[in-house]
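Trainee: If it helps, the file is called target_20.cif and holds mmCIF, C-alpha atoms:
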data_structure
loop_
_atom_site.label_atom_id
_atom_site.label_comp_id
_atom_site.auth_asym_id
_atom_site.auth_seq_id
_atom_site.Cartn_x
_atom_site.Cartn_y
_atom_site.Cartn_z
CA MET A 42 146.83 81.90 104.62
CA ASN A 43 148.29 85.35 105.25
CA PRO A 44 145.92 87.20 107.64
CA SER A 45 145.91 90.48 105.69
CA LEU A 46 145.13 88.73 102.42
CA LYS A 47 142.49 86.59 104.12
CA LEU A 48 140.85 89.74 105.48
CA LEU A 49 141.07 91.40 102.06
CA THR A 50 139.43 88.39 100.39
CA VAL A 51 136.59 88.31 102.94
CA LEU A 52 136.06 92.09 102.72
CA LEU A 53 136.02 92.20 98.92
CA ALA A 54 133.66 89.21 98.75
CA SER A 55 131.31 90.76 101.37
CA LEU A 56 131.41 94.09 99.55
CA GLU A 57 130.65 92.53 96.19
CA ILE A 58 127.61 90.53 97.37
CA SER A 59 126.30 93.71 99.05
CA PHE A 60 125.77 95.18 95.61
CA THR A 61 124.48 92.07 93.83
CA TYR A 62 121.30 90.04 94.38
CA ASN A 63 122.76 86.66 93.57
CA THR A 64 121.69 83.62 95.58
CA ALA A 65 124.24 81.33 93.90
CA ALA A 66 127.13 83.67 94.77
CA ASN A 67 125.93 83.86 98.39
CA LEU A 68 125.68 80.07 98.65
CA LEU A 69 129.11 79.72 97.05
CA ILE A 70 130.56 81.88 99.83
CA VAL A 71 128.72 79.87 102.52
CA VAL A 72 130.01 76.57 101.10
CA THR A 73 133.59 77.82 100.57
CA ALA A 74 133.71 79.29 104.07
CA SER A 75 132.30 76.07 105.55
CA ILE A 76 134.94 73.97 103.79
CA TYR A 77 137.65 76.34 105.01
CA LEU A 78 136.32 76.22 108.59
CA ILE A 79 136.01 72.43 108.58
CA SER A 80 139.55 72.11 107.21
CA HIS A 81 140.63 74.19 110.22
CA ARG A 82 138.93 71.70 112.50
CA ILE A 83 136.29 74.05 113.83
CA ARG A 84 133.91 72.32 116.22
CA TRP A 85 130.58 71.21 114.76
CA ARG A 86 128.69 73.04 117.47
CA ALA A 87 130.32 76.31 116.41
CA LEU A 88 129.39 75.62 112.79
CA MET A 89 125.78 74.86 113.75
CA TRP A 90 125.69 78.06 115.80
CA LEU A 91 126.58 80.01 112.64
CA LEU A 92 123.38 78.64 111.09
CA VAL A 93 121.26 79.83 114.03
CA VAL A 94 122.74 83.30 114.52
CA PRO A 95 121.44 85.06 111.39
CA LEU A 96 118.09 83.22 111.35
CA ILE A 97 115.89 85.86 113.01
CA PRO A 98 117.09 88.90 111.01
CA ALA A 99 117.19 86.85 107.79
CA VAL A 100 113.60 85.62 108.24
CA GLY A 101 112.54 89.16 109.15
CA LEU A 102 114.07 90.60 106.00
CA PHE A 103 112.61 87.81 103.88
CA THR A 104 109.04 88.28 105.10
CA THR A 105 109.24 92.06 104.78
CA ILE A 106 110.27 91.85 101.15
CA TYR A 107 108.24 88.82 100.08
CA PHE A 108 104.96 89.31 101.95
CA PHE A 109 104.87 93.07 102.50
CA GLY A 110 107.11 94.46 99.77
CA ALA A 111 107.82 93.74 96.14
CA HIS A 112 106.66 90.07 96.36
CA GLN A 113 109.78 89.04 94.43
CA LEU A 114 110.88 85.62 95.61
CA ALA A 115 114.31 85.89 93.94
CA THR A 116 115.17 89.16 95.73
CA ALA A 117 113.91 87.87 99.07
CA VAL A 118 115.88 84.62 98.79
CA ALA A 119 119.00 86.51 97.70
CA LEU A 120 118.79 88.76 100.77
CA PHE A 121 118.07 85.80 103.04
CA THR A 122 121.13 83.89 101.82
CA ARG A 123 123.24 87.05 101.82
CA MET A 124 122.88 87.31 105.61
CA TYR A 125 124.34 83.81 105.85
CA ALA A 126 127.14 84.67 103.42
CA TYR A 127 128.17 87.62 105.64
CA VAL A 128 128.21 85.50 108.78
CA PHE A 129 130.07 82.54 107.24
CA ALA A 130 132.64 84.69 105.43
CA GLY A 131 133.22 86.67 108.62
CA ALA A 132 133.55 83.52 110.70
CA ALA A 133 136.02 82.03 108.21
CA PHE A 134 138.22 84.97 109.11
CA THR A 135 137.61 85.59 112.81
CA LEU A 136 137.47 81.95 113.94
CA THR A 137 140.80 81.15 112.29
CA THR A 138 142.77 84.37 112.93
CA SER A 139 143.95 85.86 116.23
CA PRO A 140 144.11 89.64 116.68
CA LEU A 141 147.84 89.29 117.43
CA VAL A 142 148.68 87.63 114.11
CA LEU A 143 146.50 90.12 112.24
CA ALA A 144 148.27 93.05 113.93
CA HIS A 145 151.69 91.59 113.03
CA SER A 146 150.60 90.98 109.47
CA LEU A 147 149.08 94.45 109.00
CA GLU A 148 152.22 96.05 110.42
CA GLN A 149 154.68 93.99 108.38
CA ASN A 150 152.78 93.38 105.14
CA CYS A 151 150.57 96.48 104.88
CA HIS A 152 152.83 99.07 106.55
CA LEU A 153 150.28 99.98 109.20
CA PRO A 154 152.04 102.39 111.63
CA SER A 155 153.20 100.43 114.67
CA LYS A 156 151.34 102.78 117.03
CA PHE A 157 148.05 101.58 115.54
CA ALA A 158 149.03 97.91 115.50
CA TYR A 159 150.26 97.79 119.09
CA GLY A 160 147.98 100.49 120.52
CA THR A 161 144.89 98.63 119.37
CA LEU A 162 146.32 95.32 120.48
CA ALA A 163 147.07 96.71 123.94
CA ALA A 164 143.47 97.87 124.24
CA PHE A 165 141.96 94.62 122.96
CA ASN A 166 143.95 92.64 125.49
CA MET A 167 142.15 94.59 128.21
CA LEU A 168 138.78 93.14 127.18
CA PRO A 169 138.40 90.75 130.14
CA LYS A 170 139.38 93.55 132.55
CA ILE A 171 136.88 95.90 130.90
CA LYS A 172 134.09 93.40 131.44
CA THR A 173 134.90 92.99 135.13
CA THR A 174 135.34 96.75 135.56
CA ILE A 175 131.89 97.45 134.12
CA LEU A 176 130.50 94.85 136.50
CA THR A 177 132.39 96.45 139.40
CA ILE A 178 131.00 99.90 138.53
CA LYS A 179 127.47 98.48 138.41
CA ASN A 180 127.89 96.62 141.70
CA ALA A 181 129.45 99.62 143.45
CA ALA A 182 126.47 101.72 142.36
CA ALA A 183 124.02 99.00 143.40
CA MET A 184 125.51 99.00 146.91
CA ARG A 185 124.50 102.65 147.14
CA GLY A 186 121.04 101.86 145.84
CA VAL A 187 121.71 103.24 142.34
CA THR A 188 120.91 101.08 139.34
CA LEU A 189 123.22 101.66 136.39
CA SER A 190 121.95 100.16 133.16
CA TRP A 191 122.98 100.46 129.54
CA TRP A 192 120.88 103.61 129.25
CA SER A 193 122.63 105.36 132.17
CA PRO A 194 125.13 108.00 130.96
CA ARG A 195 126.86 107.67 134.34
CA LEU A 196 127.89 104.07 133.57
CA TYR A 197 129.65 105.19 130.39
CA PHE A 198 131.16 108.19 132.17
CA LYS A 199 132.70 106.05 134.88
CA ALA A 200 133.95 103.45 132.42
CA ILE A 201 135.51 106.18 130.27
CA LEU A 202 137.31 107.65 133.27
CA VAL A 203 138.83 104.22 133.89
CA ALA A 204 139.74 103.96 130.19
CA ILE A 205 141.55 107.31 130.30
CA THR A 206 143.68 106.10 133.22
CA TRP A 207 144.35 102.77 131.55
CA SER A 208 145.31 104.34 128.22
CA GLU A 209 147.88 106.52 130.00
CA ASN A 210 149.24 103.61 132.02
CA LEU A 211 149.44 101.30 129.01
CA ALA A 212 151.15 103.94 126.88
CA GLN A 213 153.65 104.60 129.67
CA ALA A 214 154.26 100.89 130.05
CA MET A 215 154.87 100.49 126.32
CA ILE A 216 157.27 103.44 126.24
CA SER A 217 159.18 102.15 129.25
CA HIS A 218 159.52 98.81 127.44
CA GLY A 219 161.25 100.61 124.60
CA PHE A 220 158.33 101.31 122.27
CA VAL A 221 159.00 104.42 120.18
CA GLU A 222 156.41 105.76 117.75
CA GLY A 223 157.42 105.92 114.10
CA GLN A 224 160.74 104.14 114.58
CA PRO A 225 161.69 101.07 112.53
CA ARG A 226 161.21 97.88 114.53
CA SER A 227 162.73 94.44 114.34
CA THR A 228 160.30 91.53 114.50
CA TYR A 229 160.48 88.25 116.33
CA SER A 230 157.66 86.60 114.42
CA VAL A 231 157.83 87.30 110.71
CA VAL A 232 154.57 87.09 108.73
CA ARG A 233 155.20 86.34 105.08
CA VAL A 234 153.10 86.76 101.96
CA THR A 235 153.64 83.65 99.88
CA ALA A 236 152.81 83.05 96.23
CA SER A 237 150.12 80.55 97.28
CA ASP A 238 148.48 83.22 99.47
CA ILE A 239 148.19 85.55 96.50
CA GLY A 240 147.06 82.63 94.35
CA TRP A 241 144.25 81.70 96.75
CA THR A 242 143.10 85.32 97.08
CA ILE A 243 142.88 85.81 93.32
CA GLY A 244 141.51 82.31 92.73
CA LEU A 245 138.69 82.64 95.28
CA LEU A 246 137.70 86.10 94.06
CA VAL A 247 137.67 84.92 90.42
CA LEU A 248 135.56 81.91 91.44
CA LEU A 249 133.05 84.29 93.03
CA GLN A 250 132.65 86.08 89.70
CA ALA A 251 131.41 82.89 87.99
CA PRO A 252 127.81 82.92 89.35
CA ILE A 253 127.62 86.70 89.01
CA VAL A 254 128.76 86.70 85.38
CA TRP A 255 126.49 83.71 84.71
CA ALA A 256 123.49 85.62 86.12
CA GLY A 257 124.46 88.60 83.96
CA LEU A 258 124.41 86.49 80.80
CA HIS A 259 120.98 84.96 81.46
CA MET B 610 144.12 115.98 127.12
CA HIS B 611 147.35 117.10 125.57
CA GLN B 612 148.10 119.97 123.31
CA ASP B 613 149.73 118.86 120.06
CA LYS B 614 147.51 117.97 117.13
CA LYS B 615 148.72 114.46 116.44
CA LEU B 616 147.42 111.08 117.47
CA HIS B 617 149.74 109.27 119.86
CA VAL B 618 149.71 105.70 121.00
CA ARG B 619 147.88 106.78 124.16
CA ASP B 620 145.03 108.30 122.10
CA ILE B 621 144.82 105.18 119.96
CA ILE B 622 144.59 102.95 123.04
CA LEU B 623 141.89 105.23 124.47
CA LEU B 624 139.92 105.18 121.20
CA ALA B 625 140.04 101.39 121.07
CA LEU B 626 139.10 101.15 124.76
CA ILE B 627 136.07 103.39 124.21
CA GLY B 628 134.98 101.16 121.36
CA ILE B 629 135.36 98.05 123.51
CA ILE B 630 133.49 99.63 126.44
CA PHE B 631 130.51 100.34 124.23
CA GLY B 632 130.73 96.85 122.79
CA ALA B 633 130.93 95.29 126.25
CA ILE B 634 127.94 97.27 127.55
CA PHE B 635 125.87 96.51 124.45
CA MET B 636 126.69 92.81 124.50
CA GLY B 637 123.55 92.37 126.57
CA THR B 638 121.38 94.29 124.12
CA ASP B 639 121.52 91.77 121.27
CA PHE B 640 118.37 90.19 122.63
CA ILE B 641 116.57 93.54 122.24
CA TYR B 642 117.44 93.55 118.55
CA ASN B 643 116.26 89.97 118.12
CA ALA B 644 113.12 90.60 120.17
CA LEU B 645 112.32 93.74 118.17
CA THR B 646 112.77 91.81 114.94
CA VAL B 647 110.47 89.02 116.12
CA VAL B 648 107.78 91.52 117.20
CA LEU B 649 108.05 93.61 114.03
CA THR B 650 108.16 90.72 111.54
CA PRO B 651 104.41 89.88 111.53
CA ILE B 652 103.55 93.49 110.68
CA GLY B 653 106.15 93.66 107.91
CA LEU B 654 108.44 96.10 109.69
CA ALA B 655 111.29 93.70 110.59
CA PRO B 656 114.04 95.97 109.19
CA MET B 657 112.89 98.70 111.58
CA ALA B 658 114.71 96.86 114.41
CA ASN B 659 117.89 97.72 112.53
CA ASP B 660 116.94 101.40 112.33
CA LEU B 661 115.80 101.64 115.95
CA MET B 662 119.06 100.08 117.18
CA MET B 663 121.29 102.12 114.87
CA GLY B 664 121.71 104.92 117.40
CA LEU B 665 123.24 102.51 119.91
CA TRP B 666 125.69 101.13 117.39
CA ILE B 667 127.03 104.50 116.25
CA MET B 668 127.57 106.07 119.71
CA ALA B 669 131.33 105.41 119.92
CA GLY B 670 132.04 107.62 116.88
CA PRO B 671 130.54 110.96 117.96
CA LEU B 672 131.71 110.41 121.55
CA ALA B 673 135.32 109.82 120.43
CA GLY B 674 135.18 112.85 118.13
CA PHE B 675 133.82 114.97 120.96
CA MET B 676 136.40 113.74 123.46
CA LEU B 677 139.65 113.81 121.52
CA ARG B 678 138.80 116.73 119.22
CA LEU B 679 141.19 115.81 116.44
CA PRO B 680 140.45 115.10 112.76
CA GLY B 681 139.91 111.38 112.28
CA THR B 682 139.09 110.51 115.89
CA ALA B 683 135.34 110.08 115.30
CA PHE B 684 136.15 107.74 112.42
CA LEU B 685 138.73 105.79 114.41
CA GLY B 686 136.50 105.51 117.48
CA GLU B 687 133.72 103.97 115.42
CA PHE B 688 136.02 101.85 113.25
CA LEU B 689 138.00 100.39 116.17
CA ALA B 690 134.71 99.59 117.88
CA ALA B 691 133.80 97.61 114.76
CA VAL B 692 137.18 95.82 114.78
CA GLY B 693 136.60 94.87 118.40
CA GLU B 694 133.09 93.68 117.63
CA MET B 695 134.37 91.59 114.73
CA PHE B 696 136.73 89.65 117.01
CA PHE B 697 134.71 89.47 120.21
CA GLY B 698 131.22 88.19 119.83
CA GLY B 699 130.00 90.18 116.85
CA GLN B 700 127.74 87.96 114.76
CA TRP B 701 128.21 89.80 111.47
CA GLY B 702 131.94 89.25 111.01
CA ALA B 703 133.67 91.15 108.25
CA ALA B 704 130.45 92.93 107.25
CA THR B 705 130.80 94.69 110.62
CA LEU B 706 134.07 96.19 109.39
CA ILE B 707 132.47 97.58 106.24
CA SER B 708 129.58 99.00 108.29
CA GLY B 709 132.19 100.37 110.71
CA VAL B 710 133.90 102.26 107.90
CA VAL B 711 130.57 103.68 106.67
CA GLN B 712 129.46 104.68 110.19
CA GLY B 713 132.90 106.08 110.99
CA VAL B 714 133.03 108.26 107.88
CA ALA B 715 129.43 109.34 108.55
CA ALA B 716 130.17 110.42 112.13
CA GLU B 717 133.43 112.09 111.10
CA LEU B 718 131.68 114.16 108.39
CA GLY B 719 129.59 115.94 111.03
CA PHE B 720 132.77 117.14 112.72
CA THR B 721 134.47 117.93 109.40
CA LEU B 722 131.57 120.23 108.46
CA THR B 723 132.33 122.40 111.50
CA GLY B 724 136.04 122.49 110.58
CA TYR B 725 136.81 120.81 113.93
CA LYS B 726 136.25 124.18 115.62
CA TYR B 727 132.94 123.81 117.41
CA TYR B 728 131.99 121.15 119.88
CA ASN B 729 128.38 121.74 120.82
CA TRP B 730 124.83 120.82 119.85
CA VAL B 731 125.34 121.99 116.26
CA THR B 732 128.20 119.51 115.84
CA LEU B 733 126.18 116.63 117.26
CA GLY B 734 123.17 117.68 115.16
CA LEU B 735 125.29 117.66 112.00
CA SER B 736 126.81 114.32 112.99
CA THR B 737 123.29 112.94 113.53
CA ILE B 738 122.22 113.99 110.04
CA THR B 739 125.36 112.76 108.24
CA SER B 740 125.19 109.46 110.15
CA THR B 741 121.53 108.94 109.29
CA VAL B 742 121.92 109.74 105.60
CA LEU B 743 125.11 107.75 105.01
CA THR B 744 124.18 104.63 106.98
CA PHE B 745 120.75 104.66 105.33
CA ALA B 746 122.33 104.90 101.89
CA TRP B 747 124.54 101.92 102.74
CA ASP B 748 121.54 99.90 103.92
CA MET B 749 119.84 100.57 100.58
CA PHE B 750 122.34 98.00 99.33
CA LYS B 751 123.42 95.93 102.31
CA ASN B 752 120.03 95.21 103.82
CA GLY B 753 118.14 95.43 100.55
CA TYR B 754 116.26 98.62 101.45
CA SER B 755 116.12 99.46 97.74
CA ALA B 756 113.50 96.69 97.39
CA PHE B 757 111.11 98.44 99.84
CA HIS B 758 108.19 100.75 99.12
CA LEU B 759 108.78 104.48 99.43
CA GLN B 760 106.31 104.70 102.32
CA LEU B 761 108.25 102.07 104.31
CA LEU B 762 111.54 103.81 103.46
CA ILE B 763 110.27 107.09 104.90
CA ILE B 764 109.13 105.38 108.11
CA LEU B 765 112.50 103.61 108.45
CA PHE B 766 114.44 106.81 107.75
CA ILE B 767 112.53 108.71 110.45
CA ALA B 768 112.97 105.84 112.93
CA ARG B 769 116.71 105.87 112.27
CA LEU B 770 116.98 109.66 112.53
CA ILE B 771 115.22 109.61 115.92
CA SER B 772 117.36 106.72 117.18
CA ILE B 773 120.63 108.34 116.11
CA PHE B 774 119.55 111.70 117.53
CA ILE B 775 118.64 110.20 120.91
CA PHE B 776 121.72 108.00 121.32
CA GLY B 777 124.37 109.56 119.07
CA GLY B 778 123.22 113.10 119.99
CA VAL B 779 121.42 113.52 123.33
CA PHE B 780 123.04 110.54 125.03
CA VAL B 781 126.56 111.44 123.87
CA LYS B 782 125.97 115.02 125.04
CA LEU B 783 124.94 113.78 128.49
CA ILE B 784 128.11 111.70 128.75
CA THR B 785 130.35 114.54 127.56
CA ASN B 786 128.62 116.90 130.02
CA LEU B 787 129.68 114.59 132.83
CA LEU B 788 133.22 114.36 131.43
CA ASN B 789 133.31 118.13 131.13
CA ARG B 790 132.32 118.55 134.76
CA ALA B 791 135.10 116.11 135.72
CA HIS B 792 137.54 118.34 133.76
CA VAL B 793 138.87 115.51 131.65
CA LEU B 794 137.97 117.31 128.41
CA VAL B 795 140.43 120.08 127.67
CA ALA B 796 139.84 122.45 124.76
CA ARG B 797 142.60 122.19 122.21
#
Can you turn what I pasted into structure tokens?
Mentor:
Amino acid sequence: MNPSLKLLTVLLASLEISFTYNTAANLLIVVTASIYLISHRIRWRALMWLLVVPLIPAVGLFTTIYFFGAHQLATAVALFTRMYAYVFAGAAFTLTTSPLVLAHSLEQNCHLPSKFAYGTLAAFNMLPKIKTTILTIKNAAAMRGVTLSWWSPRLYFKAILVAITWSENLAQAMISHGFVEGQPRSTYSVVRVTASDIGWTIGLLVLLQAPIVWAGLH
Amino acid sequence: MHQDKKLHVRDIILLALIGIIFGAIFMGTDFIYNALTVVLTPIGLAPMANDLMMGLWIMAGPLAGFMLRLPGTAFLGEFLAAVGEMFFGGQWGAATLISGVVQGVAAELGFTLTGYKYYNWVTLGLSTITSTVLTFAWDMFKNGYSAFHLQLLIILFIARLISIFIFGGVFVKLITNLLNRAHVLVAR
């Protein structure tokens, strides 16, 4: 499926269930997302992990509403399942889409300015280096007997100084490779929007309306 | 940094990097959120973990706004942090993006209210208030806060205000003070 349309579907579905207390709609999203993930041959362990991740906050929210709040089982269950719907819908997107393909799709299909598509991509590709740099900063401080933790402004300060240097270097590197802001670009990998992409987007969103309309009628 | 009032690819890379740095540092704090939730659940205050942690999650926005001093940078800083979180280890997936938009707009509003002219405590104070109000309004729907008692809502609101003030206000100011002393922040 086209990455931009997939993202749009997931966002609209997540947004809609945020404003409705509908257990059936939430479960429909969980099931649909599971089928999609299984059809993409996601590992079972990853799927099981998705069941564990939202458990603590979901149970917390449930008990607060059911035992300490309005005592409405329907509301509490709807919020409990909604947490799962968010996580499964999100995973259906992130576990099957790479940032690179999304950037290409947003640039070509949604006319996102190339400076955003490639600038963000350049930064995201630095993630492993950022992790090691933060570790380096911490270790360098530890060697001088200074402990830098997540509540030390100095850790952020040092990391940001590195980021400023990197952003300048990366931008220079991109420009020297022929990147020009706001100029039309040719593409080596073309991302298309097919009729079936649009069909799936509309079809899935219409399907989601079924339990919500049903609940409205009863 | 540089003088003209337009975002260039360098600024966009920097904004995304800031978001990722915060994400990478906070990756180890997920257990605090889960631990807080577990501790607060038996006394019926589980959602408070969300409010207490909110300050940490919104830090990238005000910091970016304070650093780059251009309209839209606070929003982009926060939003790109959410995009990064969505792809790398965020558990909430696409809902993160929606929260990122809400938090980004909230942080940006504080700067908009000053007309992008002042960068001091007033700006961070305004950003704290707009962030608290807007993210709280969003949680009325997203986390079902509208089903809570008024008394609980007031407690949660105050917890969130304090958290955002400490991290999105005081903490950001401490970081920008250091950046200021290093002369990497240039007034536009």
Trainee: State, in Å with one decimal place, the distance from atom CA of A:Leu176 to atom CA of B:Gly686.
Mentor: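 Separation of atom CA of A:Leu176 and atom CA of B:Gly686: 22.6 Å.
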Trainee: Show me, as number ranges by chain, the residues that have an atom within 9 Å of B:Leu624 when counting all atoms listed in the file, minus same-chain residues fewer than 5 positions from it.
Mentor: A: 161, 164, 208; B: 619, 629, 669, 673, 677, 682-683, 685-687, 689-690
Trainee: Expressed in Å to a single decimal, how great is the separation between atom CA of B:Ile634 and atom CA of B:Gly778?
Mentor: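 Distance reported for this atom pair: 18.2 Å.
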Trainee: Could you tell me which residues the PyMOL selection byres ((chain B and resi 703) around 12) returns for this structure, as a ChimeraX atom specification?
Mentor: /A:47-56,124,126-136 /B:691-696,699-702,704-710
Trainee: Tell me, as JSON, numbers by chain, which residues lie within 12 Å of B:Leu679, counting all atoms listed in the file; anything in the same chain fewer than 3 positions away does not count.
Mentor: {"B": [610, 611, 612, 613, 614, 615, 616, 617, 620, 621, 624, 671, 673, 674, 675, 676, 682, 683, 684, 685, 686, 717, 720, 721, 724, 725, 726, 727, 728, 796, 797]}
Trainee: What lies within 8 Å of A:Phe198 using only C-alpha atoms, ignoring chain neighbours under 5 positions off, as a list in words?
Mentor: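 What passes the distance filter is Ile784, Thr785, Leu787 and Leu788 of chain B.
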Trainee: For the selection just defined, write its residues with C-alpha atoms to a file, as a short mmCIF file (atom, residue, chain, number, x, y, z; two decimals), keeping the file's coordinate frame.
Mentor:
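As written to disk, again.cif reads:
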data_model
loop_
_atom_site.label_atom_id
_atom_site.label_comp_id
_atom_site.auth_asym_id
_atom_site.auth_seq_id
_atom_site.Cartn_x
_atom_site.Cartn_y
_atom_site.Cartn_z
CA ILE B 784 128.11 111.70 128.75
CA THR B 785 130.35 114.54 127.56
CA LEU B 787 129.68 114.59 132.83
CA LEU B 788 133.22 114.36 131.43
#
Trainee: Would you please work out which residue, of A:Ala65, A:Leu196, A:Leu147, A:Ile79, is nearest to chain B when using all atoms listed in the file?
Mentor: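 Using all atoms listed in the file, the shortest distance to chain B belongs to A:Leu196.
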Trainee: Determine, counting all atoms listed in the file, which protein, DNA and RNA residues have an atom within 12 Å of an atom of A:Thr173; residues of the same chain fewer than 5 positions away are not included. Present the result as a PyMOL selection string.
Mentor: (chain A and resi 167-168+178-181+200+203) or (chain B and resi 630+633-634)
Trainee: Env of A:Gln149: 9 Å cut, atoms = all atoms listed in the file, seq-sep filter 2 positions within chain, self excluded. Answer as a PDB file with C-alpha atoms, in the coordinates of the input.
Mentor:
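Produced file result34.pdb, reproduced below:
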ATOM      1  CA  ALA A 144     148.270  93.050 113.930  1.00  0.00           C
ATOM      2  CA  HIS A 145     151.690  91.590 113.030  1.00  0.00           C
ATOM      3  CA  SER A 146     150.600  90.980 109.470  1.00  0.00           C
ATOM      4  CA  LEU A 147     149.080  94.450 109.000  1.00  0.00           C
ATOM      5  CA  CYS A 151     150.570  96.480 104.880  1.00  0.00           C
ATOM      6  CA  HIS A 152     152.830  99.070 106.550  1.00  0.00           C
ATOM      7  CA  LEU A 153     150.280  99.980 109.200  1.00  0.00           C
ATOM      8  CA  THR A 228     160.300  91.530 114.500  1.00  0.00           C
ATOM      9  CA  VAL A 231     157.830  87.300 110.710  1.00  0.00           C
ATOM     10  CA  VAL A 232     154.570  87.090 108.730  1.00  0.00           C
ATOM     11  CA  ARG A 233     155.200  86.340 105.080  1.00  0.00           C
TER      12      ARG A 233
END
Trainee: Where does the PyMOL selection byres ((chain A and resi 204) around 9) land in this file, that is, which residues does it pick, as a list in words?
Mentor: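 In the shown coordinates, the PyMOL selection byres ((chain A and resi 204) around 9) covers Ile171, Lys199, Ala200, Ile201, Leu202, Val203, Ile205, Thr206, Trp207, Ser208 and Glu209 of chain A; Ile622, Leu623, Leu626, Ile627 and Ile630 of chain B.
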Trainee: Would you write out those residues with C-alpha atoms, as a PDB file, in the coordinates of the input?
Mentor:
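Output file again_23.pdb follows:
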ATOM      1  CA  ILE A 171     136.880  95.900 130.900  1.00  0.00           C
ATOM      2  CA  LYS A 199     132.700 106.050 134.880  1.00  0.00           C
ATOM      3  CA  ALA A 200     133.950 103.450 132.420  1.00  0.00           C
ATOM      4  CA  ILE A 201     135.510 106.180 130.270  1.00  0.00           C
ATOM      5  CA  LEU A 202     137.310 107.650 133.270  1.00  0.00           C
ATOM      6  CA  VAL A 203     138.830 104.220 133.890  1.00  0.00           C
ATOM      7  CA  ILE A 205     141.550 107.310 130.300  1.00  0.00           C
ATOM      8  CA  THR A 206     143.680 106.100 133.220  1.00  0.00           C
ATOM      9  CA  TRP A 207     144.350 102.770 131.550  1.00  0.00           C
ATOM     10  CA  SER A 208     145.310 104.340 128.220  1.00  0.00           C
ATOM     11  CA  GLU A 209     147.880 106.520 130.000  1.00  0.00           C
TER      12      GLU A 209
ATOM     13  CA  ILE B 622     144.590 102.950 123.040  1.00  0.00           C
ATOM     14  CA  LEU B 623     141.890 105.230 124.470  1.00  0.00           C
ATOM     15  CA  LEU B 626     139.100 101.150 124.760  1.00  0.00           C
ATOM     16  CA  ILE B 627     136.070 103.390 124.210  1.00  0.00           C
ATOM     17  CA  ILE B 630     133.490  99.630 126.440  1.00  0.00           C
TER      18      ILE B 630
END
Trainee: Kindly provide, as AutoDock Vina command-line options, the centre and edge lengths (Å, one decimal) of an axis-aligned box around all atoms of stretch 724-742 of chain B given in the file, with 4 Å on each side.
Mentor:
--center_x 129.2 --center_y 116.6 --center_z 113.2 --size_x 23.3 --size_y 23.2 --size_z 23.2
